[in-house]
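Asker: Got a structure for you, query_16.txt, holding compact mmCIF, C-alpha atoms.
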```txt
# COMPACT_ATOMS: atom_id res chain seq x y z
CA MET F 7 29.57 -31.20 -16.48
CA ASN F 8 30.57 -33.91 -13.96
CA ARG F 9 32.55 -36.91 -15.10
CA LEU F 10 30.35 -40.01 -15.36
CA THR F 11 31.53 -43.01 -13.32
CA LYS F 12 28.72 -45.53 -13.87
CA SER F 13 29.44 -46.23 -17.56
CA ILE F 14 30.96 -49.63 -18.22
CA ASN F 15 34.14 -50.19 -20.17
CA ILE F 16 33.61 -50.58 -23.90
CA LYS F 17 35.57 -53.86 -24.06
CA TRP F 18 33.21 -55.47 -21.53
CA GLN F 19 30.20 -54.21 -23.45
CA LEU F 20 31.50 -55.63 -26.73
CA LEU F 21 32.31 -58.90 -24.97
CA SER F 22 28.79 -59.07 -23.55
CA TYR F 23 27.32 -58.40 -27.02
CA PHE F 24 29.50 -61.12 -28.54
CA THR F 25 28.58 -63.55 -25.77
CA GLY F 26 24.88 -62.77 -26.19
CA SER F 27 25.00 -63.28 -29.95
CA LEU F 28 26.91 -66.53 -29.52
CA ALA F 29 24.41 -67.67 -26.87
CA ILE F 30 21.50 -67.00 -29.24
CA VAL F 31 23.12 -69.03 -32.02
CA MET F 32 24.14 -71.91 -29.74
CA GLY F 33 20.76 -71.80 -28.00
CA GLY F 34 19.05 -72.06 -31.35
CA LEU F 35 21.15 -75.08 -32.21
CA ALA F 36 20.31 -76.69 -28.86
CA VAL F 37 16.57 -76.04 -29.26
CA GLY F 38 16.63 -77.47 -32.77
CA TRP F 39 18.50 -80.56 -31.61
CA ILE F 40 16.21 -81.20 -28.65
CA TYR F 41 12.77 -80.39 -30.11
CA TRP F 42 13.02 -80.46 -33.89
CA ARG F 43 15.79 -82.95 -34.50
CA GLU F 44 13.62 -85.64 -36.13
CA ALA F 45 11.61 -83.15 -38.21
CA LEU F 46 14.72 -81.36 -39.46
CA ARG F 47 16.45 -84.68 -40.23
CA ALA F 48 13.40 -86.09 -42.01
CA ASN F 49 13.02 -83.01 -44.20
CA GLU F 50 16.82 -82.53 -44.59
CA LEU F 51 16.56 -78.94 -43.29
CA TRP F 52 19.55 -78.97 -40.92
CA ILE F 53 21.76 -77.02 -43.30
CA GLU F 54 19.08 -74.35 -43.84
CA TYR F 55 18.44 -74.17 -40.10
CA VAL F 56 22.13 -73.70 -39.29
CA LEU F 57 22.46 -71.05 -42.02
CA LEU F 58 19.46 -69.24 -40.57
CA LEU F 59 21.12 -69.17 -37.15
CA VAL F 60 24.41 -67.94 -38.65
CA VAL F 61 22.64 -65.17 -40.58
CA THR F 62 20.79 -64.20 -37.41
CA GLY F 63 24.10 -63.93 -35.54
CA LEU F 64 25.63 -61.85 -38.34
CA LEU F 65 22.58 -59.56 -38.39
CA LEU F 66 22.88 -58.99 -34.64
CA GLY F 67 26.59 -58.24 -35.07
CA TYR F 68 25.83 -55.76 -37.86
CA LEU F 69 23.21 -53.96 -35.76
CA ILE F 70 25.63 -53.70 -32.83
CA ALA F 71 28.42 -52.41 -35.12
CA ALA F 72 26.05 -49.88 -36.71
CA GLN F 73 25.08 -48.60 -33.28
CA HIS F 74 28.71 -48.06 -32.33
CA GLN F 75 29.43 -46.47 -35.70
CA ARG F 76 26.68 -43.89 -35.09
CA LYS F 77 28.26 -42.98 -31.77
CA ILE F 78 31.68 -42.61 -33.41
CA ASP F 79 30.18 -40.53 -36.24
CA MET F 80 28.55 -38.26 -33.65
CA LEU F 81 31.94 -37.68 -32.03
CA HIS F 82 33.62 -37.16 -35.42
CA LEU F 83 31.04 -34.56 -36.47
CA ALA F 84 31.42 -32.70 -33.17
CA ILE F 85 35.22 -32.62 -33.63
CA LEU F 86 34.84 -31.25 -37.17
CA GLN F 87 32.45 -28.55 -35.95
CA LEU F 88 34.89 -27.59 -33.20
CA ALA F 89 37.77 -27.48 -35.70
CA ASN F 90 35.70 -25.17 -37.95
CA GLY F 91 35.28 -22.66 -35.14
CA ASN F 92 31.88 -23.68 -33.72
CA LEU F 93 33.13 -23.58 -30.15
CA GLY F 94 29.67 -24.09 -28.66
CA GLU F 95 29.54 -27.67 -29.94
CA ARG F 96 28.71 -30.29 -27.25
CA ILE F 97 27.64 -33.96 -27.15
CA ARG F 98 24.86 -35.09 -24.85
CA PRO F 99 25.87 -38.25 -22.89
CA LEU F 100 23.65 -41.27 -23.42
CA GLY F 101 23.41 -42.37 -19.77
CA THR F 102 25.60 -45.34 -18.87
CA ASP F 103 27.08 -45.97 -22.29
CA PRO F 104 30.86 -46.59 -22.56
CA PHE F 105 31.12 -43.66 -24.98
CA ASP F 106 29.84 -41.30 -22.28
CA ARG F 107 33.32 -40.97 -20.79
CA ILE F 108 34.67 -39.94 -24.20
CA TYR F 109 31.78 -37.50 -24.68
CA VAL F 110 32.34 -35.97 -21.24
CA ASP F 111 36.06 -35.54 -21.94
CA PHE F 112 35.23 -33.93 -25.29
CA ASN F 113 32.74 -31.53 -23.67
CA GLU F 114 35.25 -30.55 -21.00
CA MET F 115 37.91 -29.95 -23.66
CA ALA F 116 35.47 -27.89 -25.78
CA SER F 117 34.40 -25.82 -22.75
CA SER F 118 38.02 -25.16 -21.81
CA LEU F 119 38.87 -24.15 -25.38
CA GLU F 120 35.80 -21.91 -25.59
CA LYS F 121 36.70 -20.13 -22.35
CA ARG F 122 40.28 -19.55 -23.48
CA VAL F 123 39.28 -18.21 -26.89
CA MET F 124 36.59 -16.06 -25.24
CA MET F 125 39.22 -14.55 -22.96
CA LEU F 126 41.50 -14.02 -25.96
CA GLN F 127 38.71 -12.26 -27.83
CA LYS F 128 37.86 -10.08 -24.84
CA VAL F 129 41.49 -9.06 -24.36
CA GLY F 130 41.76 -8.41 -28.09
CA GLU F 131 38.67 -6.18 -28.04
CA GLU F 132 39.98 -4.22 -25.06
CA ASN F 133 43.35 -3.76 -26.74
CA VAL F 134 41.66 -2.60 -29.93
CA MET F 135 39.65 0.08 -28.12
CA LEU F 136 42.64 1.21 -26.05
CA LEU F 137 44.73 1.38 -29.19
CA ALA F 138 42.00 3.36 -30.96
CA LYS F 139 41.98 5.94 -28.16
CA SER F 140 45.75 6.22 -28.07
CA ASN F 141 45.96 6.67 -31.85
CA GLU F 142 44.45 10.14 -31.95
CA ASP F 143 47.88 11.79 -32.11
CA ALA F 144 48.93 9.28 -34.75
CA VAL F 145 45.88 10.20 -36.83
CA ILE F 146 46.83 13.87 -36.67
CA GLU F 147 50.36 13.04 -37.79
CA GLU F 148 48.98 10.87 -40.58
CA ARG F 149 46.83 13.74 -41.83
CA LYS F 150 49.87 16.00 -41.84
CA ARG F 151 51.77 13.39 -43.82
CA LEU F 152 48.95 13.10 -46.33
CA ALA F 153 48.88 16.88 -46.68
CA ARG F 154 52.61 16.86 -47.44
CA ASP F 155 52.14 14.01 -49.94
CA LEU F 156 49.34 15.88 -51.64
CA HIS F 157 51.54 18.95 -51.96
CA ASP F 158 54.57 17.01 -53.18
CA THR F 159 52.74 14.81 -55.71
CA VAL F 160 49.17 15.65 -56.69
CA SER F 161 49.51 19.39 -56.29
CA GLN F 162 52.61 19.51 -58.48
CA GLN F 163 50.99 17.20 -61.03
CA MET F 164 47.95 19.45 -61.19
CA PHE F 165 50.19 22.49 -61.69
CA ALA F 166 51.97 20.69 -64.54
CA ILE F 167 48.62 19.77 -66.10
CA HIS F 168 47.52 23.40 -65.82
CA MET F 169 50.68 24.65 -67.54
CA SER F 170 50.39 22.09 -70.33
CA ALA F 171 46.74 22.95 -70.89
CA ALA F 172 47.57 26.67 -71.01
CA SER F 173 50.32 26.11 -73.58
CA LEU F 174 47.96 23.89 -75.58
CA ALA F 175 45.39 26.68 -75.76
CA LYS F 176 48.01 29.11 -77.07
CA MET F 177 49.06 26.61 -79.75
CA PHE F 178 45.51 26.36 -81.00
CA GLU F 179 45.28 30.16 -81.08
CA ARG F 180 48.43 30.25 -83.22
CA ASP F 181 47.19 27.36 -85.37
CA GLN F 182 50.10 25.12 -84.30
CA THR F 183 47.96 21.95 -84.21
CA GLU F 184 50.78 19.63 -85.36
CA ALA F 185 52.86 20.41 -82.26
CA ALA F 186 49.87 19.86 -79.96
CA GLY F 187 49.94 16.04 -80.24
CA PRO F 188 52.80 15.38 -77.79
CA ILE F 189 51.32 17.83 -75.28
CA ILE F 190 47.93 16.08 -75.44
CA GLU F 191 49.64 12.72 -74.79
CA GLN F 192 51.50 14.30 -71.90
CA LEU F 193 48.22 15.62 -70.47
CA VAL F 194 46.61 12.16 -70.63
CA SER F 195 49.64 10.56 -69.00
CA MET F 196 49.82 13.11 -66.18
CA SER F 197 46.06 12.93 -65.51
CA ASN F 198 46.20 9.11 -65.26
CA LEU F 199 49.17 9.36 -62.89
CA THR F 200 47.35 11.92 -60.75
CA GLN F 201 44.26 9.72 -60.61
CA LYS F 202 46.30 6.71 -59.44
CA GLN F 203 48.05 8.79 -56.80
CA LEU F 204 44.75 10.08 -55.47
CA ARG F 205 43.26 6.57 -55.35
CA GLY F 206 46.32 5.31 -53.52
CA MET F 207 45.97 8.03 -50.89
CA ILE F 208 42.25 7.41 -50.52
CA ALA F 209 42.92 3.70 -50.01
CA GLN F 210 45.36 4.52 -47.20
CA LEU F 211 42.88 6.66 -45.31
CA ARG F 212 41.07 5.32 -42.27
CA PRO F 213 37.73 7.17 -42.34
CA ILE F 214 35.68 7.72 -39.20
CA GLU F 215 32.30 6.61 -40.60
CA LEU F 216 32.02 4.01 -37.81
CA GLU F 217 32.03 6.56 -35.00
CA GLY F 218 28.53 6.92 -33.60
CA ARG F 219 27.10 4.22 -35.90
CA ARG F 220 26.69 0.47 -35.90
CA LEU F 221 28.80 -1.52 -38.32
CA SER F 222 25.92 -2.38 -40.67
CA GLU F 223 24.90 1.29 -40.92
CA ALA F 224 28.47 2.40 -41.60
CA LEU F 225 29.02 -0.23 -44.30
CA ASP F 226 25.70 0.55 -46.00
CA LYS F 227 26.96 4.11 -46.50
CA TRP F 228 30.70 3.61 -46.93
CA PHE F 229 30.78 0.57 -49.26
CA PRO F 230 28.65 1.97 -52.15
CA ASP F 231 30.48 5.31 -51.99
CA TYR F 232 33.87 3.58 -52.05
CA CYS F 233 32.88 1.41 -55.02
CA ARG F 234 31.52 4.40 -56.94
CA GLN F 235 34.66 6.48 -56.30
CA ASN F 236 36.88 3.68 -57.60
CA GLY F 237 34.86 2.58 -60.63
CA LEU F 238 33.60 -0.70 -59.12
CA GLN F 239 30.23 -2.40 -59.20
CA GLY F 240 29.49 -3.49 -55.66
CA SER F 241 27.02 -5.85 -53.97
CA ILE F 242 26.55 -5.92 -50.21
CA ASP F 243 24.71 -8.45 -48.04
CA ILE F 244 24.63 -8.00 -44.24
CA ARG F 245 22.66 -10.41 -42.04
CA LEU F 246 23.22 -9.92 -38.32
CA ARG F 247 20.95 -11.22 -35.57
CA GLY F 248 21.98 -8.63 -33.00
CA ALA F 249 24.50 -5.94 -32.13
CA LEU F 250 28.22 -6.76 -32.18
CA SER F 251 30.62 -5.54 -29.52
CA ASP F 252 32.48 -2.31 -30.22
CA GLY F 253 35.82 -4.13 -30.46
CA ILE F 254 34.58 -6.63 -33.05
CA GLU F 255 32.86 -3.93 -35.11
CA HIS F 256 35.99 -1.78 -35.07
CA GLN F 257 38.22 -4.63 -36.23
CA LEU F 258 35.80 -5.85 -38.91
CA PHE F 259 35.46 -2.33 -40.29
CA LEU F 260 39.23 -1.98 -40.56
CA ILE F 261 39.43 -5.41 -42.21
CA VAL F 262 36.83 -4.36 -44.79
CA GLN F 263 38.73 -1.16 -45.53
CA GLU F 264 42.02 -3.02 -45.91
CA GLY F 265 40.42 -5.66 -48.14
CA MET F 266 38.75 -3.10 -50.40
CA ALA F 267 42.00 -1.12 -50.67
CA ASN F 268 43.69 -4.32 -51.88
CA VAL F 269 40.95 -4.80 -54.49
CA VAL F 270 41.46 -1.27 -55.81
CA LYS F 271 45.26 -1.42 -55.82
CA HIS F 272 45.90 -4.97 -57.05
CA ALA F 273 42.84 -6.80 -58.39
CA SER F 274 41.90 -4.80 -61.54
CA ALA F 275 38.35 -5.96 -60.80
CA ARG F 276 35.01 -4.78 -62.15
CA HIS F 277 32.71 -6.24 -59.50
CA VAL F 278 33.17 -6.89 -55.78
CA THR F 279 30.82 -8.56 -53.28
CA LEU F 280 30.83 -7.86 -49.54
CA SER F 281 28.88 -10.06 -47.13
CA LEU F 282 28.69 -10.27 -43.33
CA HIS F 283 26.59 -13.05 -41.81
CA ASP F 284 25.83 -14.30 -38.32
CA THR F 285 25.76 -18.12 -38.52
CA GLY F 286 24.84 -18.54 -34.87
CA SER F 287 28.29 -19.77 -33.88
CA GLN F 288 30.44 -17.40 -35.98
CA TYR F 289 30.51 -13.99 -37.62
CA VAL F 290 31.59 -14.60 -41.23
CA LEU F 291 32.88 -11.69 -43.33
CA GLN F 292 33.59 -12.32 -47.01
CA ILE F 293 35.06 -10.10 -49.73
CA GLU F 294 35.04 -11.54 -53.26
CA ASP F 295 36.10 -9.90 -56.54
CA ASP F 296 36.27 -10.90 -60.21
CA GLY F 297 39.75 -9.48 -60.73
CA GLN F 298 42.98 -10.91 -62.07
CA GLY F 299 43.66 -13.01 -58.95
CA PHE F 300 46.95 -14.75 -58.21
CA GLN F 301 48.34 -18.14 -57.27
CA SER F 302 47.16 -18.49 -53.66
CA ASP F 303 49.43 -21.51 -53.06
CA ILE F 304 52.44 -19.20 -53.40
CA ALA F 305 53.20 -17.46 -50.10
CA ARG F 306 52.71 -13.69 -50.38
CA THR F 307 55.02 -12.66 -47.57
CA ASN F 308 55.34 -9.20 -49.04
CA SER F 309 51.59 -8.49 -48.85
CA TYR F 310 51.24 -6.14 -45.91
CA GLY F 311 47.48 -5.76 -46.42
CA LEU F 312 46.73 -9.50 -46.24
CA SER F 313 48.95 -10.04 -43.21
CA THR F 314 47.30 -7.11 -41.43
CA MET F 315 43.83 -8.53 -42.09
CA ARG F 316 44.88 -11.95 -40.79
CA GLU F 317 46.39 -10.42 -37.65
CA ARG F 318 43.21 -8.43 -36.94
CA ALA F 319 41.12 -11.60 -37.23
CA GLN F 320 43.50 -13.55 -34.97
CA LYS F 321 43.27 -10.85 -32.29
CA LEU F 322 39.59 -11.77 -31.95
CA GLY F 323 40.27 -15.53 -31.89
CA GLY F 324 39.30 -15.84 -35.55
CA SER F 325 40.94 -16.90 -38.78
CA MET F 326 41.29 -15.85 -42.42
CA ASP F 327 40.89 -18.12 -45.46
CA LEU F 328 42.21 -16.91 -48.81
CA ARG F 329 41.12 -18.43 -52.12
CA SER F 330 42.49 -17.08 -55.39
CA LYS F 331 43.47 -18.25 -58.84
CA ALA F 332 45.19 -16.37 -61.62
CA GLY F 333 42.53 -14.88 -63.87
CA ALA F 334 39.63 -16.07 -61.68
CA GLY F 335 39.37 -13.48 -58.92
CA THR F 336 39.98 -13.62 -55.18
CA ARG F 337 37.85 -14.51 -52.15
CA ILE F 338 38.78 -13.57 -48.59
CA ARG F 339 36.77 -15.16 -45.77
CA ILE F 340 37.10 -13.97 -42.16
CA SER F 341 35.56 -16.12 -39.38
CA ILE F 342 35.16 -14.73 -35.84
CA PRO F 343 33.80 -17.00 -33.06
CA LYS F 344 30.47 -16.06 -31.49
CA PHE F 345 29.94 -17.20 -27.92
CA HIS F 346 27.03 -17.82 -25.50
CA THR F 347 25.53 -20.52 -27.74
CA GLU F 348 25.89 -24.26 -27.20
CA VAL F 349 24.89 -26.94 -29.72
CA ILE F 350 24.44 -30.34 -28.04
CA ARG F 351 24.74 -33.43 -30.23
CA GLY F 352 22.36 -36.26 -29.42
CA GLU F 353 19.64 -33.99 -28.00
CA THR F 354 16.14 -34.99 -29.02
```
Produce structure tokens that represent the structure in this file.

Answerer:
Amino acid sequence: MNRLTKSINIKWQLLSYFTGSLAIVMGGLAVGWIYWREALRANELWIEYVLLLVVTGLLLGYLIAAQHQRKIDMLHLAILQLANGNLGERIRPLGTDPFDRIYVDFNEMASSLEKRVMMLQKVGEENVMLLAKSNEDAVIEERKRLARDLHDTVSQQMFAIHMSAASLAKMFERDQTEAAGPIIEQLVSMSNLTQKQLRGMIAQLRPIELEGRRLSEALDKWFPDYCRQNGLQGSIDIRLRGALSDGIEHQLFLIVQEGMANVVKHASARHVTLSLHDTGSQYVLQIEDDGQGFQSDIARTNSYGLSTMRERAQKLGGSMDLRSKAGAGTRIRISIPKFHTEVIRGET
């Protein structure tokens, strides 16, 4: 958009408004003195007439101030929208108004910011896909590590459970029921430990449900299964207006997995809600649970999961907002900018 050069300076416009209002008031006084002097004096209406002129001048001043306030409010609203991530926000110039120069500068700043964030998002998407391709060997190593962990932990726990159960059966055959109590408690303890270890390993996995599917299709299958496997009641709401790029889908899927793993490991929740909406200017992902929560105003520098989610959002030019309170659950909101849409303020 070209810079406007015909708009007058705001101080000259305000001065012209003030001069015009003053001219109307003084002109009214002059007309009253020349044409209605005797009538106003005879009826003792000079005070009322002067007050009428003063009120008229004040009304004109109020209307002028209200007009300027609307222009300032328009700029303020556009700034707030830009700060909230709606990078397509623009203000339509009014023609030759003094505010046009401010509006043009704002539009140029918004366009520059949008282009830079768009480039950042594009680079982030390319890096994500390159990293995904280069991680195949790492995935193989991770599977080997999980196999070793299964052998060293769960497999041994299952063997111990088997031995305890076998000894318990022999005790019942020999009618040694009094000595069976400690073994039963040991069985319950080992089975709970095994279940926690398995859930921890499942939470660390990075499944491949997204390969060959769109994000909405993958989440529709993965999310209910994950909730069912971990004893959660889940609600999912996905509203997308079109297909997302592969890089954004990949990152959002990993963010969802990381967020749900945190719910399973830390929240002690019964219900979790997952939503993904296209607002027109942003993709908004939200994960909310009814778990134990925590004090969100205390920095959780030791939370690797939360920091990873925030970093993934930032790679796409987005941000993460965390709301939590002890005993009142946790809400994580991820906002990713959506481009190719401009909203112009002042358009009729």

Asker: At what distance in Å, to one decimal, does CA of Met125 (chain F) lie from CA of Val110 (chain F)?

Answerer: 22.6 Å

Asker: Considering all atoms listed in the file, state which residue in the set F:Leu199, F:Leu258, F:Leu57, F:Ser241 is at the smallest distance from Arg220 (chain F).

Answerer: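 Smallest distance to Arg220 (chain F) is found for F:Leu258.
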
Asker: Once you count all atoms listed in the file, which residues end up no further than 7 Å from (32.3, -29.5, -26.3) in the file's frame, shown as JSON, numbers by chain?

Answerer: {"F": [94, 95, 96, 97, 112, 113, 114, 115, 116, 117]}

Asker: Give the answer as one residue: which of F:Gly63, F:Pro99, F:Gly323, F:Pro104 has the shortest atom-to-atom distance to Leu20 (chain F), using all atoms listed in the file?

Answerer: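 Selected residue with least distance to Leu20 (chain F): F:Pro104.
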
Asker: If we count all atoms listed in the file and set the cut-off at 10 Å, which residues sit around Ile70 (chain F), ignoring sequence neighbours fewer than 5 positions away in its own chain? Please answer as a ChimeraX atom specification.

Answerer: /F:20,23-24,64-65,75

Asker: Using all atoms listed in the file, which of F:Ile254, F:Gln239, F:Val61, F:Ile244 sits nearest Ala275 (chain F)?

Answerer: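 Nearest to Ala275 (chain F): F:Gln239.
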
Asker: Nearest to Gln288 (chain F) among F:Lys321, F:Arg180, F:Lys344, F:Lys77, with distances taken over only C-alpha atoms: which residue is it?

Answerer: F:Lys344

Asker: Quick one, how far is CA of Arg276 (chain F) from CA of Ile261 (chain F)?

Answerer: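 Result for CA of Arg276 (chain F) versus CA of Ile261 (chain F): 20.4 Å, one decimal.
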
Asker: Given the choices F:Leu291, F:Ile108, F:Leu282, F:Leu69, which gets closest to Ile85 (chain F) if the distance is worked out from all atoms listed in the file?

Answerer: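 Of the candidates, the smallest distance to Ile85 (chain F) is held by F:Ile108.
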
Asker: Between CA of Asp243 (chain F) and CA of Ile293 (chain F), what is the distance, to one decimal in Å?

Answerer: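 It comes out at 10.6 Å.
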
Asker: Enclose the full set of atoms of region 256-259 of chain F listed in the file within a box whose edges lie along x, y and z, apply 4 Å of padding to each of the six sides, and report centre and edge lengths in Å to one decimal as JSON.

Answerer:
```
{"center_x": 36.8, "center_y": -3.8, "center_z": -37.7, "size_x": 10.8, "size_y": 12.1, "size_z": 13.2}
```

Asker: I'd like to know which of F:Ser281, F:Gln87, F:Asn268, F:Gln73 is closest to Arg245 (chain F), using only C-alpha atoms.

Answerer: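 Answer, going by the shortest atom-to-atom distance: F:Ser281.
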
Asker: Give me the residues near Ile342 (chain F) as number ranges by chain, where near means some atom within 8 Å (using only C-alpha atoms) and where sequence neighbours in that chain fewer than 2 positions away do not count.

Answerer: F: 91, 288-290, 319, 322-325, 340, 344
